[in-house]
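Have a look at the structure below before the remarks.
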Amino acid sequence: MDEKSGEYWDAEADRFDEEPDHGLRDPEVRAAWAGRLRGWLPDAPADVLDLGCGTGSLAALAAEQGHRVTGVDRSPRMVALARAKLAGTDARVVVGDAVRPPVAAGRFDVVLVRHMLWAMPDPAAALRRWAGLLRRGGRLVLVEGCWGEAEPVGITATELAALVRPFAAHTEIEQLAHDTALWGRPVRDERYAAVVRPAPPRRHSEIVDVHLILVRDGHVLLGRRVNTGYADGLLHAPSGHVEDGEDVREAMIREAYEEVGVVLRPEETGVALVMQHRAPGGEARVGWFFVADGAGREPVNREPDKCSELGWFPLDALPDDMVAYCRAGLDAYRAGERFVLHLHEPGDTIAHDPHAPGRAVALPSGGCSTMAAANAVP
């Protein structure tokens, strides 16, 4: 089932709270939900995001329990009613899509969702996105069910457990249908809450590659890539990945010989700059750019299956048909930068585009004097 539109819920808003478990107007029903919520949420104060908050009944309970609450609903009318219900609290309620809420990632201790997941076009994708809104150690609290006896609609607890299994460290299912106080009447279908604690993120790791800036008479050596499956037809400096057991300087010396037949001694290779790079739609990597003197050296193309030509190009008038990553590194080298971020956005081209937004961001190098200046009292 597709999500109903905001207009549909606008029309439903004024009678939404007539359901006992929506409006929580009955003191016994309200107390039952307050007790359950207290068990599902961490100790207050915590940052709680209530997605599809409706008229704000659960958000109001969480705020009363001392939590910092943000509510999101796609219906402007529902949001208006929720704001009225939460008046006098610090809660914030905004109009937005529950699947892609207008909030920052990694911001919340709890993402609370009631009776929403079953209606998502892609429940697995929604769950992954919601998990990304959590701080480390946070939790998803999902109140769901499979409603109706003859032709039930919804999502079973077994199905939900399977959906969260790829990213969950621990999932606790709590059956709720037997607790008539929650619903204001007996129910015979499946209703439950799932408290899902995502596994901590994997330790950050990145590929490390090396690039040779071989300079002679104001020119730099570049080769044209071919048959590699990546950036073919574009110019790039001699480069490669650091292999297991190598340090970056050893890798650069090896790659220089393997690709262009240049023999470098350790003392002949200096670090020009270090750059963190991300290709369009790809993962980040760290590139070490080394500089060496090309005077008296005659490079040869030792990998003609991967390089169609070698040539010397003026550093102060570099060609445009280059890999953007390499071009950014050479531009940073010419500018005297030592530490650079170069993170493509989706839709950027692998090739250097002189008319595209610049993605290189130079990072300042610090020392004792820099720190002292930063901490000085004016």
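Residue names in the structure tokens use chain letters A, B, ... in the order shown, residue numbers from 1 in each chain, and ligand numbers from 1 in the order shown.
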Original post:
Which polymer residues have any atom within 7 Å of an atom of region 317-328 of chain A, counting only C-alpha atoms, with same-chain residues fewer than 3 positions away left out, as a PyMOL selection string?
Top reply: chain A and resi 231+234-237+313-314+331-332+350-353+360
Save out the residues we just selected, C-alpha atoms, as a PDB file, in the first residue's frame.
ATOM      1  CA  ALA A 231      38.583   7.644 -16.597  1.00  0.00           C
ATOM      2  CA  LEU A 234      41.935  11.286 -19.571  1.00  0.00           C
ATOM      3  CA  LEU A 235      45.383  12.391 -18.441  1.00  0.00           C
ATOM      4  CA  HIS A 236      46.680  11.437 -15.020  1.00  0.00           C
ATOM      5  CA  ALA A 237      49.983  11.422 -13.182  1.00  0.00           C
ATOM      6  CA  PHE A 313      52.749  19.363 -19.830  1.00  0.00           C
ATOM      7  CA  PRO A 314      53.307  22.881 -18.451  1.00  0.00           C
ATOM      8  CA  ASP A 331      46.565  22.855  -8.711  1.00  0.00           C
ATOM      9  CA  ALA A 332      46.942  22.534  -4.944  1.00  0.00           C
ATOM     10  CA  ILE A 350      35.252  12.284 -13.225  1.00  0.00           C
ATOM     11  CA  ALA A 351      36.887  14.529 -15.793  1.00  0.00           C
ATOM     12  CA  HIS A 352      38.084  17.985 -14.846  1.00  0.00           C
ATOM     13  CA  ASP A 353      35.465  20.567 -15.812  1.00  0.00           C
ATOM     14  CA  ALA A 360      38.964  21.359  -3.553  1.00  0.00           C
TER      15      ALA A 360
END
**OP:** Report as a VMD selection string: the residues of region 117-288 of chain A with a DSSP assignment of helix (DSSP H, G or I), based on the backbone of this structure.
**Re:** chain A and resid 117 to 119 123 to 131 157 to 164 180 to 183 248 to 260 266 to 268
Residues of the last selection are to be written out with N, CA and C atoms, as a CSV table (one decimal), in the first residue's frame.
chain,number,residue,atom,x,y,z
A,117,LEU,N,5.4,2.3,9.1
A,117,LEU,CA,6.3,1.4,8.3
A,117,LEU,C,5.5,0.6,7.3
A,118,TRP,N,4.4,0.0,7.7
A,118,TRP,CA,3.6,-0.9,6.8
A,118,TRP,C,3.2,-0.2,5.6
A,119,ALA,N,3.0,1.1,5.6
A,119,ALA,CA,2.5,1.9,4.4
A,119,ALA,C,3.6,2.4,3.5
A,123,PRO,N,9.9,-0.4,2.7
A,123,PRO,CA,10.1,-0.4,4.1
A,123,PRO,C,11.6,-0.5,4.5
A,124,ALA,N,12.3,-1.4,3.8
A,124,ALA,CA,13.7,-1.6,4.1
A,124,ALA,C,14.5,-0.3,4.0
A,125,ALA,N,14.3,0.4,2.9
A,125,ALA,CA,15.0,1.7,2.6
A,125,ALA,C,14.6,2.7,3.7
A,126,ALA,N,13.4,2.7,4.1
A,126,ALA,CA,13.0,3.7,5.1
A,126,ALA,C,13.6,3.4,6.4
A,127,LEU,N,13.7,2.1,6.8
A,127,LEU,CA,14.4,1.7,8.0
A,127,LEU,C,15.9,2.1,8.0
A,128,ARG,N,16.5,1.9,6.9
A,128,ARG,CA,18.0,2.3,6.9
A,128,ARG,C,18.1,3.8,7.0
A,129,ARG,N,17.2,4.5,6.4
A,129,ARG,CA,17.3,6.0,6.5
A,129,ARG,C,17.1,6.4,7.9
A,130,TRP,N,16.1,5.8,8.5
A,130,TRP,CA,15.8,6.2,9.9
A,130,TRP,C,16.9,5.9,10.9
A,131,ALA,N,17.5,4.7,10.6
A,131,ALA,CA,18.7,4.4,11.5
A,131,ALA,C,19.8,5.4,11.3
A,157,ALA,N,5.3,-9.0,13.0
A,157,ALA,CA,6.6,-8.8,13.8
A,157,ALA,C,7.7,-9.6,13.2
A,158,THR,N,7.3,-10.8,12.6
A,158,THR,CA,8.4,-11.6,12.0
A,158,THR,C,8.9,-10.9,10.8
A,159,GLU,N,8.1,-10.3,10.0
A,159,GLU,CA,8.5,-9.6,8.8
A,159,GLU,C,9.4,-8.4,9.2
A,160,LEU,N,9.0,-7.7,10.2
A,160,LEU,CA,9.8,-6.5,10.7
A,160,LEU,C,11.2,-6.9,11.2
A,161,ALA,N,11.2,-8.0,11.9
A,161,ALA,CA,12.5,-8.5,12.4
A,161,ALA,C,13.4,-8.9,11.3
A,162,ALA,N,12.9,-9.4,10.2
A,162,ALA,CA,13.7,-9.8,9.1
A,162,ALA,C,14.2,-8.5,8.4
A,163,LEU,N,13.4,-7.4,8.3
A,163,LEU,CA,13.8,-6.2,7.7
A,163,LEU,C,15.0,-5.5,8.4
A,164,VAL,N,15.0,-5.6,9.7
A,164,VAL,CA,16.0,-4.8,10.5
A,164,VAL,C,17.3,-5.7,10.7
A,180,THR,N,-5.6,-4.3,26.6
A,180,THR,CA,-6.8,-3.6,26.1
A,180,THR,C,-6.7,-2.1,26.5
A,181,ALA,N,-6.0,-1.8,27.6
A,181,ALA,CA,-5.9,-0.4,28.0
A,181,ALA,C,-5.3,0.5,26.9
A,182,LEU,N,-4.4,-0.1,26.1
A,182,LEU,CA,-3.8,0.7,25.1
A,182,LEU,C,-4.7,1.1,24.0
A,183,TRP,N,-5.7,0.2,23.7
A,183,TRP,CA,-6.6,0.4,22.6
A,183,TRP,C,-8.0,0.9,23.0
A,248,VAL,N,53.7,4.5,2.3
A,248,VAL,CA,53.3,5.2,1.1
A,248,VAL,C,54.6,5.6,0.3
A,249,ARG,N,55.7,5.8,0.9
A,249,ARG,CA,56.9,6.1,0.1
A,249,ARG,C,57.4,4.9,-0.7
A,250,GLU,N,57.4,3.7,-0.1
A,250,GLU,CA,57.7,2.5,-0.8
A,250,GLU,C,56.8,2.3,-2.0
A,251,ALA,N,55.5,2.5,-1.7
A,251,ALA,CA,54.5,2.4,-2.8
A,251,ALA,C,54.8,3.3,-4.0
A,252,MET,N,55.2,4.6,-3.7
A,252,MET,CA,55.4,5.5,-4.7
A,252,MET,C,56.7,5.1,-5.5
A,253,ILE,N,57.7,4.7,-4.9
A,253,ILE,CA,58.9,4.2,-5.6
A,253,ILE,C,58.6,3.0,-6.5
A,254,ARG,N,57.8,2.1,-6.0
A,254,ARG,CA,57.4,0.9,-6.8
A,254,ARG,C,56.6,1.3,-8.0
A,255,GLU,N,55.6,2.2,-7.8
A,255,GLU,CA,54.7,2.6,-8.9
A,255,GLU,C,55.5,3.4,-9.9
A,256,ALA,N,56.4,4.2,-9.5
A,256,ALA,CA,57.2,5.0,-10.5
A,256,ALA,C,58.0,4.1,-11.4
A,257,TYR,N,58.5,3.1,-10.9
A,257,TYR,CA,59.3,2.2,-11.7
A,257,TYR,C,58.4,1.3,-12.6
A,258,GLU,N,57.3,0.8,-12.0
A,258,GLU,CA,56.4,-0.1,-12.8
A,258,GLU,C,55.7,0.6,-13.9
A,259,GLU,N,55.3,1.9,-13.7
A,259,GLU,CA,54.6,2.6,-14.7
A,259,GLU,C,55.4,3.3,-15.7
A,260,VAL,N,56.5,4.0,-15.3
A,260,VAL,CA,57.2,4.9,-16.2
A,260,VAL,C,58.7,4.6,-16.2
A,266,PRO,N,64.7,6.8,-1.8
A,266,PRO,CA,63.8,7.5,-0.8
A,266,PRO,C,64.1,8.9,-0.6
A,267,GLU,N,65.4,9.3,-0.6
A,267,GLU,CA,65.7,10.7,-0.3
A,267,GLU,C,65.4,11.6,-1.5
A,268,GLU,N,65.0,11.1,-2.7
A,268,GLU,CA,64.6,11.9,-3.8
A,268,GLU,C,63.1,12.2,-3.9
Original post:
Neighbours of Asp17 (chain A) within 10 Å (only C-alpha atoms; same-chain residues fewer than 5 positions away dropped), as a list in words?
Top reply: Glu12, His22, Gly23, Leu24, Arg25, Gly54, Thr55, Gly56 and Ser57 of chain A
Subject >> strand (DSSP E) call set, DSSP backbone run, region 186-326 of chain A, as a PyMOL selection string >> reply: chain A and resi 190-198+207-216+219-225+235-236+239-241+270-278+284-293+307-314
**OP:** Give me the residues within 6 Å of region 94-109 of chain A as a PyMOL selection string, counting only C-alpha atoms and dropping any in the same chain fewer than 4 places off.
**Re:** chain A and resi 46-48+51-52+72-74+126+132-135+138
Just write the chosen residues, all heavy atoms, as an mmCIF file, in the first residue's frame.
data_model
loop_
_atom_site.group_PDB
_atom_site.id
_atom_site.type_symbol
_atom_site.label_atom_id
_atom_site.label_comp_id
_atom_site.auth_asym_id
_atom_site.auth_seq_id
_atom_site.Cartn_x
_atom_site.Cartn_y
_atom_site.Cartn_z
ATOM 1 N N ALA A 46 16.373 12.953 26.460
ATOM 2 C CA ALA A 46 16.924 12.412 25.225
ATOM 3 C C ALA A 46 16.283 13.156 24.062
ATOM 4 O O ALA A 46 15.194 13.724 24.190
ATOM 5 C CB ALA A 46 16.650 10.914 25.120
ATOM 6 N N ASP A 47 16.967 13.143 22.920
ATOM 7 C CA ASP A 47 16.421 13.758 21.708
ATOM 8 C C ASP A 47 15.584 12.728 20.968
ATOM 9 O O ASP A 47 16.108 11.698 20.501
ATOM 10 C CB ASP A 47 17.556 14.275 20.820
ATOM 11 C CG ASP A 47 18.222 15.498 21.419
ATOM 12 O OD1 ASP A 47 17.512 16.486 21.674
ATOM 13 O OD2 ASP A 47 19.439 15.455 21.665
ATOM 14 N N VAL A 48 14.290 12.982 20.885
ATOM 15 C CA VAL A 48 13.331 12.038 20.307
ATOM 16 C C VAL A 48 12.744 12.633 19.045
ATOM 17 O O VAL A 48 12.233 13.770 19.065
ATOM 18 C CB VAL A 48 12.203 11.714 21.309
ATOM 19 C CG1 VAL A 48 11.170 10.789 20.676
ATOM 20 C CG2 VAL A 48 12.774 11.083 22.576
ATOM 21 N N LEU A 51 8.277 10.516 13.941
ATOM 22 C CA LEU A 51 7.978 10.611 12.518
ATOM 23 C C LEU A 51 6.541 10.187 12.263
ATOM 24 O O LEU A 51 6.088 9.168 12.771
ATOM 25 C CB LEU A 51 8.931 9.726 11.722
ATOM 26 C CG LEU A 51 10.400 10.156 11.735
ATOM 27 C CD1 LEU A 51 11.249 9.173 10.951
ATOM 28 C CD2 LEU A 51 10.557 11.568 11.180
ATOM 29 N N GLY A 52 5.836 10.975 11.429
ATOM 30 C CA GLY A 52 4.415 10.728 11.247
ATOM 31 C C GLY A 52 3.684 10.965 12.560
ATOM 32 O O GLY A 52 2.853 10.170 12.980
ATOM 33 N N VAL A 72 7.484 15.289 13.086
ATOM 34 C CA VAL A 72 7.415 15.529 11.642
ATOM 35 C C VAL A 72 6.157 14.861 11.114
ATOM 36 O O VAL A 72 5.893 13.683 11.433
ATOM 37 C CB VAL A 72 8.649 14.963 10.915
ATOM 38 C CG1 VAL A 72 8.510 15.145 9.396
ATOM 39 C CG2 VAL A 72 9.929 15.623 11.410
ATOM 40 N N ASP A 73 5.377 15.585 10.321
ATOM 41 C CA ASP A 73 4.213 14.992 9.662
ATOM 42 C C ASP A 73 4.016 15.690 8.324
ATOM 43 O O ASP A 73 4.293 16.895 8.195
ATOM 44 C CB ASP A 73 2.957 15.135 10.518
ATOM 45 C CG ASP A 73 1.882 14.133 10.116
ATOM 46 O OD1 ASP A 73 1.159 14.393 9.129
ATOM 47 O OD2 ASP A 73 1.778 13.080 10.777
ATOM 48 N N ARG A 74 3.533 14.934 7.343
ATOM 49 C CA ARG A 74 3.373 15.502 6.010
ATOM 50 C C ARG A 74 2.110 16.334 5.880
ATOM 51 O O ARG A 74 1.928 17.043 4.894
ATOM 52 C CB ARG A 74 3.385 14.392 4.965
ATOM 53 C CG ARG A 74 2.183 13.471 4.993
ATOM 54 C CD ARG A 74 2.360 12.298 4.069
ATOM 55 N NE ARG A 74 2.788 12.709 2.740
ATOM 56 C CZ ARG A 74 3.059 11.854 1.755
ATOM 57 N NH1 ARG A 74 2.986 10.564 1.973
ATOM 58 N NH2 ARG A 74 3.426 12.300 0.576
ATOM 59 N N ALA A 126 13.367 2.746 4.079
ATOM 60 C CA ALA A 126 12.951 3.683 5.125
ATOM 61 C C ALA A 126 13.649 3.376 6.439
ATOM 62 O O ALA A 126 14.125 4.283 7.141
ATOM 63 C CB ALA A 126 11.440 3.628 5.298
ATOM 64 N N GLY A 132 19.963 5.949 10.163
ATOM 65 C CA GLY A 132 21.003 6.944 9.945
ATOM 66 C C GLY A 132 20.759 8.253 10.664
ATOM 67 O O GLY A 132 21.664 9.088 10.759
ATOM 68 N N LEU A 133 19.559 8.462 11.175
ATOM 69 C CA LEU A 133 19.253 9.676 11.926
ATOM 70 C C LEU A 133 19.675 9.571 13.386
ATOM 71 O O LEU A 133 19.632 10.562 14.116
ATOM 72 C CB LEU A 133 17.747 9.971 11.860
ATOM 73 C CG LEU A 133 17.157 10.136 10.455
ATOM 74 C CD1 LEU A 133 15.644 10.315 10.547
ATOM 75 C CD2 LEU A 133 17.781 11.324 9.738
ATOM 76 N N LEU A 134 20.077 8.367 13.792
ATOM 77 C CA LEU A 134 20.392 8.120 15.200
ATOM 78 C C LEU A 134 21.845 8.431 15.525
ATOM 79 O O LEU A 134 22.746 8.227 14.703
ATOM 80 C CB LEU A 134 20.125 6.656 15.552
ATOM 81 C CG LEU A 134 18.663 6.197 15.506
ATOM 82 C CD1 LEU A 134 18.592 4.683 15.630
ATOM 83 C CD2 LEU A 134 17.854 6.861 16.614
ATOM 84 N N ARG A 135 22.057 8.876 16.760
ATOM 85 C CA ARG A 135 23.406 8.915 17.306
ATOM 86 C C ARG A 135 23.857 7.485 17.592
ATOM 87 O O ARG A 135 23.047 6.558 17.672
ATOM 88 C CB ARG A 135 23.424 9.704 18.605
ATOM 89 C CG ARG A 135 23.100 11.181 18.462
ATOM 90 C CD ARG A 135 23.326 11.893 19.779
ATOM 91 N NE ARG A 135 23.109 13.324 19.646
ATOM 92 C CZ ARG A 135 22.094 13.987 20.170
ATOM 93 N NH1 ARG A 135 21.189 13.333 20.892
ATOM 94 N NH2 ARG A 135 21.972 15.287 19.998
ATOM 95 N N GLY A 138 21.845 4.908 19.757
ATOM 96 C CA GLY A 138 20.432 5.246 19.686
ATOM 97 C C GLY A 138 19.576 4.043 19.352
ATOM 98 O O GLY A 138 20.059 2.917 19.148
#
Original post:
Which polymer residues have any atom within 10 Å of an atom of Gly145 (chain A), counting only C-alpha atoms, with same-chain residues fewer than 2 positions away left out, as a ChimeraX atom specification?
Top reply: /A:114-118,142-143,147-148,152-157,160,175-177,189-193
Create the file for the chosen residues now, containing N, CA, C and O atoms and written as a compact mmCIF listing (two decimals), in the first residue's frame.
# COMPACT_ATOMS: atom_id res chain seq x y z
N ARG A 114 5.04 5.29 14.66
CA ARG A 114 3.86 4.48 14.98
C ARG A 114 2.96 4.36 13.75
O ARG A 114 2.55 5.36 13.18
N HIS A 115 2.69 3.12 13.37
CA HIS A 115 1.73 2.80 12.31
C HIS A 115 2.09 3.47 10.99
O HIS A 115 1.22 3.97 10.27
N MET A 116 3.39 3.48 10.66
CA MET A 116 3.85 4.11 9.42
C MET A 116 4.58 3.15 8.51
O MET A 116 4.42 3.20 7.29
N LEU A 117 5.37 2.26 9.09
CA LEU A 117 6.27 1.44 8.28
C LEU A 117 5.51 0.58 7.28
O LEU A 117 5.95 0.43 6.14
N TRP A 118 4.39 0.03 7.70
CA TRP A 118 3.65 -0.88 6.83
C TRP A 118 3.18 -0.20 5.55
O TRP A 118 2.96 -0.86 4.53
N LEU A 142 9.47 1.24 17.04
CA LEU A 142 8.51 1.06 15.94
C LEU A 142 7.27 0.38 16.49
O LEU A 142 7.33 -0.76 16.96
N VAL A 143 6.15 1.08 16.45
CA VAL A 143 4.87 0.52 16.88
C VAL A 143 4.11 0.16 15.62
O VAL A 143 3.72 1.04 14.85
N TRP A 147 -3.36 -5.48 10.99
CA TRP A 147 -4.70 -5.18 11.48
C TRP A 147 -5.77 -5.91 10.68
O TRP A 147 -5.68 -6.03 9.46
N GLY A 148 -6.79 -6.37 11.41
CA GLY A 148 -7.90 -7.08 10.79
C GLY A 148 -7.71 -8.58 10.90
O GLY A 148 -6.58 -9.08 10.96
N PRO A 152 -6.13 -9.30 6.92
CA PRO A 152 -5.26 -8.36 7.66
C PRO A 152 -4.36 -7.57 6.72
O PRO A 152 -3.92 -8.06 5.69
N VAL A 153 -4.11 -6.31 7.10
CA VAL A 153 -3.16 -5.47 6.39
C VAL A 153 -2.14 -4.99 7.40
O VAL A 153 -2.44 -4.79 8.57
N GLY A 154 -0.92 -4.78 6.95
CA GLY A 154 0.13 -4.32 7.85
C GLY A 154 1.39 -5.11 7.66
O GLY A 154 1.66 -5.67 6.59
N ILE A 155 2.18 -5.20 8.69
CA ILE A 155 3.45 -5.91 8.65
C ILE A 155 3.59 -6.69 9.95
O ILE A 155 3.42 -6.13 11.04
N THR A 156 3.86 -7.96 9.84
CA THR A 156 3.96 -8.80 11.04
C THR A 156 5.28 -8.55 11.76
O THR A 156 6.24 -8.03 11.19
N ALA A 157 5.32 -8.95 13.02
CA ALA A 157 6.55 -8.81 13.80
C ALA A 157 7.67 -9.63 13.18
O ALA A 157 8.83 -9.22 13.18
N LEU A 160 9.00 -7.66 10.24
CA LEU A 160 9.80 -6.51 10.66
C LEU A 160 11.17 -6.95 11.16
O LEU A 160 12.19 -6.33 10.84
N GLN A 175 4.75 -7.74 22.29
CA GLN A 175 3.39 -7.88 21.82
C GLN A 175 2.45 -7.01 22.65
O GLN A 175 2.56 -6.94 23.87
N LEU A 176 1.50 -6.33 21.97
CA LEU A 176 0.66 -5.34 22.63
C LEU A 176 -0.83 -5.61 22.53
O LEU A 176 -1.63 -4.95 23.21
N ALA A 177 -1.24 -6.57 21.69
CA ALA A 177 -2.67 -6.74 21.45
C ALA A 177 -3.44 -7.11 22.72
O ALA A 177 -4.61 -6.74 22.88
N ASP A 189 -6.23 -8.80 16.61
CA ASP A 189 -5.22 -8.89 15.56
C ASP A 189 -3.84 -8.71 16.19
O ASP A 189 -3.70 -8.64 17.42
N GLU A 190 -2.80 -8.65 15.36
CA GLU A 190 -1.43 -8.53 15.87
C GLU A 190 -1.04 -7.07 15.99
O GLU A 190 -1.11 -6.30 15.03
N ARG A 191 -0.61 -6.68 17.21
CA ARG A 191 -0.11 -5.33 17.45
C ARG A 191 1.11 -5.47 18.35
O ARG A 191 1.08 -6.25 19.31
N TYR A 192 2.14 -4.72 18.05
CA TYR A 192 3.40 -4.92 18.76
C TYR A 192 4.27 -3.67 18.68
O TYR A 192 4.00 -2.76 17.89
N ALA A 193 5.30 -3.65 19.49
CA ALA A 193 6.34 -2.62 19.40
C ALA A 193 7.68 -3.32 19.23
O ALA A 193 7.92 -4.36 19.85
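The space between CA of Phe289 (chain A) and CA of Arg202 (chain A) spans 27.6 Å.
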